[in-house]
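Structure data (compact mmCIF, C-alpha atoms and all ligand atoms) from structure-v3.txt:
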# COMPACT_ATOMS: atom_id res chain seq x y z
CA MET A 124 0.00 0.00 0.00
CA SER A 125 1.31 3.40 -0.99
CA ASP A 126 1.87 6.04 1.66
CA PHE A 127 -0.06 8.47 -0.52
CA LEU A 128 -3.56 8.62 -1.85
CA ASP A 129 -3.90 10.94 -4.83
CA GLY A 130 -6.97 12.43 -6.37
CA GLY A 131 -8.49 15.42 -8.06
CA CYS A 132 -11.35 16.81 -10.06
CA LEU A 133 -12.84 15.56 -13.29
CA CYS A 134 -11.03 18.03 -15.58
CA GLY A 135 -7.64 17.67 -13.88
CA ALA A 136 -7.21 21.35 -12.96
CA VAL A 137 -7.15 20.58 -9.23
CA ARG A 138 -5.12 17.73 -7.76
CA TYR A 139 -4.54 16.75 -4.14
CA ARG A 140 -2.55 14.27 -2.10
CA ALA A 141 -3.46 12.66 1.22
CA ARG A 142 -0.90 10.88 3.39
CA GLY A 143 -1.60 7.77 5.43
CA ARG A 144 -5.03 6.24 5.78
CA PRO A 145 -8.36 7.97 6.43
CA GLU A 146 -9.81 8.12 9.93
CA HIS A 147 -13.41 7.67 8.75
CA ARG A 148 -15.21 6.55 5.61
CA MET A 149 -18.92 7.14 5.18
CA ILE A 150 -21.79 7.90 2.85
CA CYS A 151 -23.68 11.10 3.65
CA HIS A 152 -27.36 11.51 2.84
CA CYS A 153 -27.69 15.08 4.19
CA LYS A 154 -29.56 17.77 2.31
CA THR A 155 -26.53 20.02 1.97
CA CYS A 156 -24.45 17.28 0.35
CA GLN A 157 -27.38 16.46 -1.93
CA ARG A 158 -27.58 20.02 -3.19
CA ALA A 159 -23.82 20.65 -3.24
CA ALA A 160 -23.22 17.63 -5.46
CA GLY A 161 -26.57 17.41 -7.26
CA SER A 162 -26.60 13.81 -6.11
CA PRO A 163 -28.69 11.71 -3.68
CA VAL A 164 -25.64 10.81 -1.57
CA VAL A 165 -21.98 11.77 -1.30
CA ALA A 166 -19.28 9.41 -0.06
CA TRP A 167 -16.60 11.01 2.15
CA VAL A 168 -13.34 10.00 3.79
CA THR A 169 -11.77 11.96 6.65
CA PHE A 170 -8.08 12.77 7.02
CA PRO A 171 -6.16 14.85 9.56
CA ALA A 172 -5.90 18.32 8.02
CA GLU A 173 -2.10 18.19 8.20
CA SER A 174 -2.14 15.02 6.07
CA PHE A 175 -3.96 16.61 3.15
CA ASP A 176 -2.71 19.14 0.58
CA PHE A 177 -3.80 20.53 -2.71
CA VAL A 178 -0.81 19.99 -5.00
CA GLN A 179 -2.09 21.51 -8.25
CA GLY A 180 -4.61 24.26 -8.97
CA ASP A 181 -6.68 26.27 -6.54
CA PRO A 182 -10.17 25.05 -5.72
CA VAL A 183 -13.00 27.50 -5.18
CA ARG A 184 -13.98 27.89 -1.52
CA PHE A 185 -17.67 28.11 -0.65
CA GLN A 186 -19.31 28.62 2.74
CA SER A 187 -22.16 26.10 2.54
CA SER A 188 -23.41 26.84 6.07
CA PRO A 189 -22.06 29.25 8.71
CA PRO A 190 -19.43 26.84 10.13
CA VAL A 191 -18.65 24.88 6.96
CA ILE A 192 -16.28 25.57 4.06
CA ARG A 193 -16.56 23.33 1.01
CA THR A 194 -14.22 23.40 -1.96
CA PHE A 195 -14.82 22.45 -5.56
CA CYS A 196 -13.12 22.81 -8.92
CA GLY A 197 -14.00 26.15 -10.46
CA VAL A 198 -13.65 24.71 -13.95
CA CYS A 199 -15.54 21.42 -13.85
CA GLY A 200 -17.41 21.70 -10.51
CA THR A 201 -16.27 18.46 -8.86
CA PRO A 202 -16.94 18.69 -5.08
CA LEU A 203 -13.64 18.10 -3.28
CA THR A 204 -13.50 18.89 0.44
CA TYR A 205 -15.53 19.84 3.52
CA VAL A 206 -14.14 21.46 6.67
CA HIS A 207 -16.23 22.28 9.75
CA SER A 208 -14.86 25.16 11.82
CA GLN A 209 -15.47 23.23 15.04
CA ALA A 210 -13.44 20.30 13.71
CA ALA A 211 -10.90 22.15 11.58
CA GLU A 212 -8.20 19.61 12.45
CA ALA A 213 -9.93 17.24 10.02
CA VAL A 214 -10.79 17.48 6.36
CA ASP A 215 -13.43 15.41 4.62
CA VAL A 216 -12.61 14.54 1.02
CA THR A 217 -15.09 13.20 -1.55
CA THR A 218 -14.28 9.50 -1.88
CA CYS A 219 -14.96 9.34 -5.60
CA SER A 220 -12.58 12.20 -6.42
CA PHE A 221 -9.72 9.88 -5.39
CA ASP A 222 -7.97 8.04 -8.19
CA GLU A 223 -8.73 4.71 -6.53
CA PRO A 224 -12.01 4.96 -4.63
CA ASP A 225 -12.27 1.16 -4.52
CA SER A 226 -9.56 1.25 -1.85
CA LEU A 227 -11.74 3.44 0.40
CA PRO A 228 -15.00 1.56 1.06
CA PRO A 229 -17.48 3.21 3.45
CA THR A 230 -18.26 1.77 6.88
CA HIS A 231 -21.68 3.37 7.44
CA HIS A 232 -24.35 5.78 6.21
CA SER A 233 -25.12 9.09 7.95
CA TRP A 234 -28.00 11.60 7.90
CA LEU A 235 -30.65 9.10 6.84
CA GLN A 236 -33.24 11.51 8.22
CA ASP A 237 -32.56 13.71 5.18
CA SER A 238 -32.40 10.89 2.66
CA VAL A 239 -34.32 11.10 -0.60
CA SER A 240 -37.16 8.61 -0.24
CA TRP A 241 -36.27 6.57 -3.30
CA VAL A 242 -32.67 5.95 -2.31
CA ARG A 243 -32.19 2.29 -1.40
CA PHE A 244 -28.91 0.69 -0.43
CA GLY A 245 -28.49 -3.06 -0.02
CA ASP A 246 -24.96 -2.95 1.31
CA GLY A 247 -25.94 -3.96 4.85
CA LEU A 248 -23.88 -1.19 6.44
CA PRO A 249 -25.08 0.54 9.63
CA THR A 250 -27.26 3.62 9.13
CA TYR A 251 -27.70 6.62 11.43
CA PRO A 252 -30.42 9.31 11.44
CA THR A 253 -27.78 12.04 11.82
CA THR A 254 -24.13 11.38 12.63
CA ARG A 255 -22.66 8.14 13.90
CA SER A 256 -21.39 9.89 17.03
CA GLU A 257 -24.96 10.86 17.92
CA GLY A 258 -26.02 7.23 17.75
CA SER A 259 -28.96 5.58 16.07
ZN ZN B 1 -11.85 20.39 -12.57
ZN ZN B 2 -23.58 15.63 4.10
Could you rewrite the structure in this file as structure tokens?
Amino acid sequence: MSDFLDGGCLCGAVRYRARGRPEHRMICHCKTCQRAAGSPVVAWVTFPAESFDFVQGDPVRFQSSPPVIRTFCGVCGTPLTYVHSQAAEAVDVTTCSFDEPDSLPPTHHSWLQDSVSWVRFGDGLPTYPTTRSEGS
């Protein structure tokens, strides 16, 4: 296993590198992710902020809610990262912007209370109404 996990946006303008392995891997069903990605769910992995760097291009920064900064490629629009100001030591990165998302399978689903009604997963993973830390 490489010490690095590389990824970037669809058009290639923005590239990033994460070191080590992610602390968390999940699929988010929240309304903000839905709208930010135009997608029913968004898969995320979490790294320590000091283990993640943009190495090419400058993503656009967007404040998606008062404490949250999301980034995306200003050319092609790929959602890239999420940082919450109360947990700024961690950065969430969209799993499927990595070059090898198969190596980063999710462990659970979060924010099922916001889920689009027709979304059905048969993966058998645990689901949580909001966040895993707030229990089921
Ligand atoms: Zn791009
Ligand atoms: Zn979300």
Next on the checklist: What does the list of residues within 10 Å of ligand ZN 1 (chain B) look like if you count all atoms listed in the file, written as a list in words?
Outcome noted: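 Using all atoms listed in the file, everything at most 10 Å from ligand ZN 1 (chain B) comes to Gly131, Cys132, Leu133, Cys134, Gly135, Ala136, Val137, Arg138, Gly180, Asp181, Pro182, Phe195, Cys196, Gly197, Val198, Cys199, Gly200, Thr201, Pro202 and Leu203 of chain A.
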Next on the checklist: Show me which residues line ligand ZN 2 (chain B), defined as having an atom within 12 Å of a ligand atom where all atoms listed in the file count, and present them as a ChimeraX atom specification.
Outcome noted: /A:149-168,187-188,191,193,202,204-207,215-217,232-238,252-254
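Contact shell of Ala213 (chain A) at 10 Å (all atoms listed in the file; same-chain neighbours under 2 positions omitted): Glu146, Thr169, Phe170, Pro171, Ala172, Glu173, Ser174, Phe175, Tyr205, Val206, His207, Ser208, Gln209, Ala210, Ala211, Asp215 and Val216 of chain A.
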Next on the checklist: For a quick check of understanding, using all atoms listed in the file, which of A:Val178, A:Arg184, A:Arg148, A:Thr218 has the smallest distance to Thr230 (chain A)?
Outcome noted: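 Smallest distance to Thr230 (chain A) is found for A:Arg148.
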Next on the checklist: Could you list, as a list in words, every residue within 8 Å of Phe127 (chain A), counting only C-alpha atoms and ignoring same-chain residues fewer than 2 positions away?
Outcome noted: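 The contact residues come out as Ser125, Asp129, Arg140, Ala141, Arg142 and Gly143 of chain A.
Of the listed residues (A:His147, A:Pro189, A:Ser220, A:Val214), A:Ser220 comes nearest to Leu128 (chain A); the distances count only C-alpha atoms.
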